[in-house]
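*Asks:* Okay, handing you the structure first.
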Amino acid sequence: MKYRALGRTGWKVSEMSFGAWAIGGTWGPVKDEESLAALHRAVELGVNFFDTADVYGDGRSERLLAQLRRDHSERIYIATKAGRRLDPHLTEGYNRENITAFVERSLKNLGTEALDLLQLHCPPTDVYYMPEVFGVLDDLVKAGKLHYYGVSVEKVEEALKAIEYPNVQSVQIIFNIFRHRPTELFFEEAKKRQVGILARVPLASGMLTGKLKADSTFDTDDHRAFNRHGEAFDRGETFSGVDYETGLEAVEELKAICPANMSMVQFALRWILMFDAVTCAIPGAKRPSQAEENFSISDLPPLSEEAMSQVRVIYDRHIRELVHHYW
């Protein structure tokens, strides 16, 4: 495993890190014993950074990570998120009372006195234009409730606005073979300010694994069944906003250029690590076997210039028009 600096925190985090959405729920059924086995295997493979949220299984994911930290002596960094417990999820809900309550709940779930990294959880765009919200986060740092804070965003516009606040240490953003726009301006601006970038949804909700088929089915509690058009949350969270049939078509072309020494999963994750602005990618894993495939990427050689160019051609042909100017 290789490690990269996360913002100005002084932390060195695993460039392949663990996204803990799936072990909380909305990705089909999960068993805590199997989830913990996947988490333990990740630590054995050198993963030291785990990303979760208070709404992943209504705290289930946070509590599993608390157990993981109790089971290991290694330094484990846990980033969580707050804001999506608001119902309705509106701008005015991002106030001192609610944010403080969310933080206190996560502290309890994670069994700690201070959160390593708190991220605003894809708030409405207007929140990024409210300095008072970031002032609340500054106060929580001063009070010893947080070590650092960052944001998780839907849009590049939100990412660019967030990093204007001097104490934002990280931005979590969808970045994968189906989402190229962050490279055009945001990456350079983040590097200038030494802001860490967490690449989320790195496998486009499983589409970039190459394992989905036209007749694949999903459980009713899996967002890939109920959120394809944004029925529950931003549609860009599901298959990166690409319609299912187009995604399958693009993946077939990607399979043709996938290096012989890599699986499609590894190819898609290795592509992300080719960008030095990225701190880490955060694929999920519900089983140890998935952890082994996801977290072995650091040992693989860089992709060739030709492969990177071919990915761009496929993106331009199939994907760009569908997603580029929306997020």
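We name chains A, B, ... following the order of the structure tokens; residues begin at 1 in each chain, and ligands are numbered from 1 as shown.
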Using only C-alpha atoms, tabulate the residues of region 206-288 of chain A lying at most 10 Å from any atom of region 27-35 of chain A, each with its closest atom pair and that distance in Å to one decimal, by chain and increasing residue number, as JSON lines.

*Replies:*
{"residue": "A:Phe218", "atom": "CA", "partner": "A:Gly28", "partner_atom": "CA", "distance": 7.3}
{"residue": "A:Asp219", "atom": "CA", "partner": "A:Gly28", "partner_atom": "CA", "distance": 5.5}
{"residue": "A:Thr220", "atom": "CA", "partner": "A:Gly28", "partner_atom": "CA", "distance": 7.6}
{"residue": "A:Asp221", "atom": "CA", "partner": "A:Gly28", "partner_atom": "CA", "distance": 5.8}
{"residue": "A:Asp222", "atom": "CA", "partner": "A:Trp27", "partner_atom": "CA", "distance": 4.3}
{"residue": "A:His223", "atom": "CA", "partner": "A:Trp27", "partner_atom": "CA", "distance": 6.3}
{"residue": "A:Arg224", "atom": "CA", "partner": "A:Trp27", "partner_atom": "CA", "distance": 7.6}
{"residue": "A:Ala225", "atom": "CA", "partner": "A:Trp27", "partner_atom": "CA", "distance": 9.4}
{"residue": "A:Ala285", "atom": "CA", "partner": "A:Ser35", "partner_atom": "CA", "distance": 7.7}
{"residue": "A:Lys286", "atom": "CA", "partner": "A:Ser35", "partner_atom": "CA", "distance": 5.2}
{"residue": "A:Arg287", "atom": "CA", "partner": "A:Glu34", "partner_atom": "CA", "distance": 5.8}
{"residue": "A:Pro288", "atom": "CA", "partner": "A:Glu34", "partner_atom": "CA", "distance": 7.6}

*Asks:* Check the DSSP output for the backbone and give back, as a ChimeraX atom specification, the residues of region 38-198 of chain A in helix (DSSP H, G or I).

*Replies:* /A:38-44,60-71,91-93,96-110,125-129,131-142,156-162,181-183,186-192

*Asks:* Between A:Ile177, A:Val136, A:Ile297, A:Cys122, which has the minimum distance to Phe233 (chain A) (counting only C-alpha atoms)?

*Replies:*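 Looking only at the distances to Phe233 (chain A), the closest residue turns out to be A:Cys122.
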
*Asks:* Using only C-alpha atoms, which protein or nucleic acid residues come within 6 Å of Gly24 (chain A)? Drop anything in the same chain fewer than 6 positions from it, and give the result as a count of residues only.

*Replies:* 4

*Asks:* Using only C-alpha atoms, which protein or nucleic acid residues come within 7 Å of Gln172 (chain A)? Drop anything in the same chain fewer than 2 positions from it, and give the result as a PyMOL selection string.

*Replies:* chain A and resi 151-153+170+197-200

*Asks:* For Lys81 (chain A), please output as a list in words all residues within 8 Å (counting only C-alpha atoms; exclusion window: fewer than 2 positions along the same chain).

*Replies:* Thr52, Ala53, Asp54, Ala79, Gly83, Leu118, Gln119, Leu120, His121 and Ser152 of chain A

*Asks:* Could I get the residues of region 5-76 of chain A with an atom no further than 12 Å from an atom of region 263-270 of chain A, each paired with its nearest atom pair and that distance in Å to one decimal, using only C-alpha atoms, sorted by chain and residue number, as a tab-separated table?

*Replies:*
residue	atom	partner	partner_atom	distance
A:Glu15	CA	A:Leu269	CA	10.3
A:Met16	CA	A:Leu269	CA	8.4
A:Ser17	CA	A:Leu269	CA	11.0

*Asks:* If DSSP is run on the backbone, what residues of region 8-91 of chain A are strand (DSSP E or B)? A reply as a list in words would be ideal.

*Replies:*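 DSSP-assigned strand (DSSP E or B) residues in region 8-91 of chain A: Lys12, Val13, Ser14, Met16, Phe18, Gly19, Phe49, Phe50, Asp51, Tyr77, Ile78, Ala79, Thr80, Lys81 and Ala82 of chain A.
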
*Asks:* So that I have them on file, write out the residues from the current selection with N, CA and C atoms, as a short mmCIF file (atom, residue, chain, number, x, y, z; two decimals), in the first residue's frame.

*Replies:*
data_model
loop_
_atom_site.label_atom_id
_atom_site.label_comp_id
_atom_site.auth_asym_id
_atom_site.auth_seq_id
_atom_site.Cartn_x
_atom_site.Cartn_y
_atom_site.Cartn_z
N LYS A 12 -0.84 10.82 6.63
CA LYS A 12 -0.55 10.05 5.43
C LYS A 12 -1.58 8.93 5.37
N VAL A 13 -2.47 8.98 4.39
CA VAL A 13 -3.54 7.99 4.34
C VAL A 13 -3.36 7.09 3.12
N SER A 14 -3.88 5.89 3.24
CA SER A 14 -3.75 4.90 2.17
C SER A 14 -4.43 5.41 0.90
N MET A 16 -5.59 3.81 -1.48
CA MET A 16 -6.83 3.05 -1.64
C MET A 16 -7.43 2.94 -0.24
N PHE A 18 -11.23 2.90 2.32
CA PHE A 18 -12.44 2.08 2.43
C PHE A 18 -13.68 2.96 2.52
N GLY A 19 -14.57 2.86 1.55
CA GLY A 19 -15.86 3.53 1.61
C GLY A 19 -16.88 2.64 2.29
N PHE A 49 -7.53 4.46 6.31
CA PHE A 49 -8.51 5.55 6.21
C PHE A 49 -9.85 4.96 5.78
N PHE A 50 -10.88 5.29 6.56
CA PHE A 50 -12.21 4.75 6.33
C PHE A 50 -13.22 5.89 6.30
N ASP A 51 -14.10 5.86 5.32
CA ASP A 51 -15.08 6.93 5.13
C ASP A 51 -16.48 6.40 5.38
N TYR A 77 -7.75 6.18 10.74
CA TYR A 77 -8.46 7.45 10.58
C TYR A 77 -9.87 7.17 10.08
N ILE A 78 -10.85 7.79 10.71
CA ILE A 78 -12.24 7.61 10.30
C ILE A 78 -12.85 8.97 9.99
N ALA A 79 -13.30 9.11 8.76
CA ALA A 79 -14.03 10.31 8.34
C ALA A 79 -15.52 9.98 8.32
N THR A 80 -16.32 10.85 8.90
CA THR A 80 -17.76 10.66 8.82
C THR A 80 -18.40 11.91 8.24
N LYS A 81 -19.71 11.87 8.08
CA LYS A 81 -20.42 12.98 7.44
C LYS A 81 -21.67 13.31 8.23
N ALA A 82 -22.14 14.55 8.06
CA ALA A 82 -23.34 15.00 8.77
C ALA A 82 -24.16 15.91 7.87
#

*Asks:* Tell me which of A:Leu39, A:Val168, A:Val156, A:Leu212 sits closest to Asp138 (chain A), counting only C-alpha atoms.

*Replies:*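 Checking each of A:Leu39, A:Val168, A:Val156, A:Leu212 against Asp138 (chain A), counting only C-alpha atoms, the winner is A:Val168.
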
*Asks:* So what do you get for CA of Leu137 (chain A) versus CA of Pro182 (chain A), distance-wise?

*Replies:*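 So the answer is 25.2 Å.
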
*Asks:* Which residue gives the smallest distance to Ser304 (chain A) among A:Arg75, A:Leu68, A:Pro259, A:Val43, with only C-alpha atoms counted?

*Replies:*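 Residue with the minimum atom-to-atom distance to Ser304 (chain A): A:Pro259.
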
*Asks:* Any idea what the distance is between CA of Glu305 (chain A) and CA of Ala281 (chain A)?

*Replies:*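 For CA of Glu305 (chain A) relative to CA of Ala281 (chain A), the distance reads 20.6 Å.
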
*Asks:* Show which residues sit within 12 Å of Glu321 (chain A), as a PDB file with N, CA and C atoms, in the first residue's frame. Count only C-alpha atoms, and ignore same-chain residues fewer than 4 positions away.

*Replies:*
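Wrote part-v2.pdb, looks like this:
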ATOM      1  N   PHE A 178     -16.223   7.583 -15.582  1.00  0.00           N
ATOM      2  CA  PHE A 178     -17.440   8.207 -16.103  1.00  0.00           C
ATOM      3  C   PHE A 178     -17.609   9.652 -15.650  1.00  0.00           C
ATOM      4  N   ARG A 179     -16.661  10.184 -14.901  1.00  0.00           N
ATOM      5  CA  ARG A 179     -16.754  11.566 -14.404  1.00  0.00           C
ATOM      6  C   ARG A 179     -15.393  12.245 -14.505  1.00  0.00           C
ATOM      7  N   HIS A 180     -15.154  12.976 -15.585  1.00  0.00           N
ATOM      8  CA  HIS A 180     -13.845  13.580 -15.826  1.00  0.00           C
ATOM      9  C   HIS A 180     -13.773  15.058 -15.451  1.00  0.00           C
ATOM     10  N   ARG A 181     -14.892  15.711 -15.291  1.00  0.00           N
ATOM     11  CA  ARG A 181     -14.882  17.166 -15.166  1.00  0.00           C
ATOM     12  C   ARG A 181     -14.011  17.712 -14.034  1.00  0.00           C
ATOM     13  N   GLY A 241     -24.808   8.897 -12.733  1.00  0.00           N
ATOM     14  CA  GLY A 241     -25.726   9.672 -13.560  1.00  0.00           C
ATOM     15  C   GLY A 241     -25.856   9.174 -14.984  1.00  0.00           C
ATOM     16  N   VAL A 242     -25.188   8.079 -15.304  1.00  0.00           N
ATOM     17  CA  VAL A 242     -25.231   7.507 -16.654  1.00  0.00           C
ATOM     18  C   VAL A 242     -26.360   6.482 -16.715  1.00  0.00           C
ATOM     19  N   ASP A 243     -27.171   6.530 -17.774  1.00  0.00           N
ATOM     20  CA  ASP A 243     -28.242   5.543 -17.865  1.00  0.00           C
ATOM     21  C   ASP A 243     -27.646   4.143 -18.038  1.00  0.00           C
ATOM     22  N   THR A 246     -26.442   2.691 -21.553  1.00  0.00           N
ATOM     23  CA  THR A 246     -25.257   3.380 -22.072  1.00  0.00           C
ATOM     24  C   THR A 246     -24.021   2.983 -21.278  1.00  0.00           C
ATOM     25  N   ILE A 314     -13.450   7.028 -25.188  1.00  0.00           N
ATOM     26  CA  ILE A 314     -14.695   6.338 -24.836  1.00  0.00           C
ATOM     27  C   ILE A 314     -15.600   7.264 -24.032  1.00  0.00           C
ATOM     28  N   TYR A 315     -15.018   8.030 -23.120  1.00  0.00           N
ATOM     29  CA  TYR A 315     -15.792   9.002 -22.345  1.00  0.00           C
ATOM     30  C   TYR A 315     -16.440  10.026 -23.275  1.00  0.00           C
ATOM     31  N   ASP A 316     -15.662  10.567 -24.181  1.00  0.00           N
ATOM     32  CA  ASP A 316     -16.187  11.589 -25.080  1.00  0.00           C
ATOM     33  C   ASP A 316     -17.305  11.035 -25.964  1.00  0.00           C
ATOM     34  N   ARG A 317     -17.182   9.794 -26.372  1.00  0.00           N
ATOM     35  CA  ARG A 317     -18.150   9.206 -27.300  1.00  0.00           C
ATOM     36  C   ARG A 317     -19.465   8.835 -26.607  1.00  0.00           C
ATOM     37  N   HIS A 325     -21.738  18.417 -17.973  1.00  0.00           N
ATOM     38  CA  HIS A 325     -22.146  19.763 -17.595  1.00  0.00           C
ATOM     39  C   HIS A 325     -23.217  19.789 -16.501  1.00  0.00           C
ATOM     40  N   TYR A 326     -23.537  18.624 -15.959  1.00  0.00           N
ATOM     41  CA  TYR A 326     -24.523  18.547 -14.888  1.00  0.00           C
ATOM     42  C   TYR A 326     -23.865  18.577 -13.506  1.00  0.00           C
ATOM     43  N   TRP A 327     -22.676  17.979 -13.412  1.00  0.00           N
ATOM     44  CA  TRP A 327     -22.018  17.869 -12.105  1.00  0.00           C
ATOM     45  C   TRP A 327     -20.624  18.479 -12.121  1.00  0.00           C
TER      46      TRP A 327
END

*Asks:* Counting only C-alpha atoms, what is within 12 Å of Ser73 (chain A), bar same-chain residues fewer than 6 positions away, as a VMD selection string?

*Replies:* chain A and resid 40 43 to 44 48 67

*Asks:* Could you tell me which of A:Glu164, A:Asp58, A:Glu249, A:Asp276 comes closest to Gly196 (chain A) if we count only C-alpha atoms?

*Replies:*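 Going through A:Glu164, A:Asp58, A:Glu249, A:Asp276 one by one, the smallest distance to Gly196 (chain A) is for A:Asp276.
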
*Asks:* Calculated over only C-alpha atoms, which of the candidates A:Met207, A:Met262, A:Leu90, A:Ala277 has the smallest distance to Leu248 (chain A)?

*Replies:*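 Smallest separation from Leu248 (chain A) among the options: A:Met207.
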
*Asks:* Calculated over only C-alpha atoms, which of the candidates A:Gly93, A:Pro302, A:Pro124, A:Gly59 has the smallest distance to Trp21 (chain A)?

*Replies:*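 Nearest candidate to Trp21 (chain A) out of A:Gly93, A:Pro302, A:Pro124, A:Gly59: A:Gly59.
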
*Asks:* Please, what distance in Å, to one decimal, runs between CA of Glu237 (chain A) and CA of Ala204 (chain A)?

*Replies:*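 Result for CA of Glu237 (chain A) versus CA of Ala204 (chain A): 8.1 Å, one decimal.
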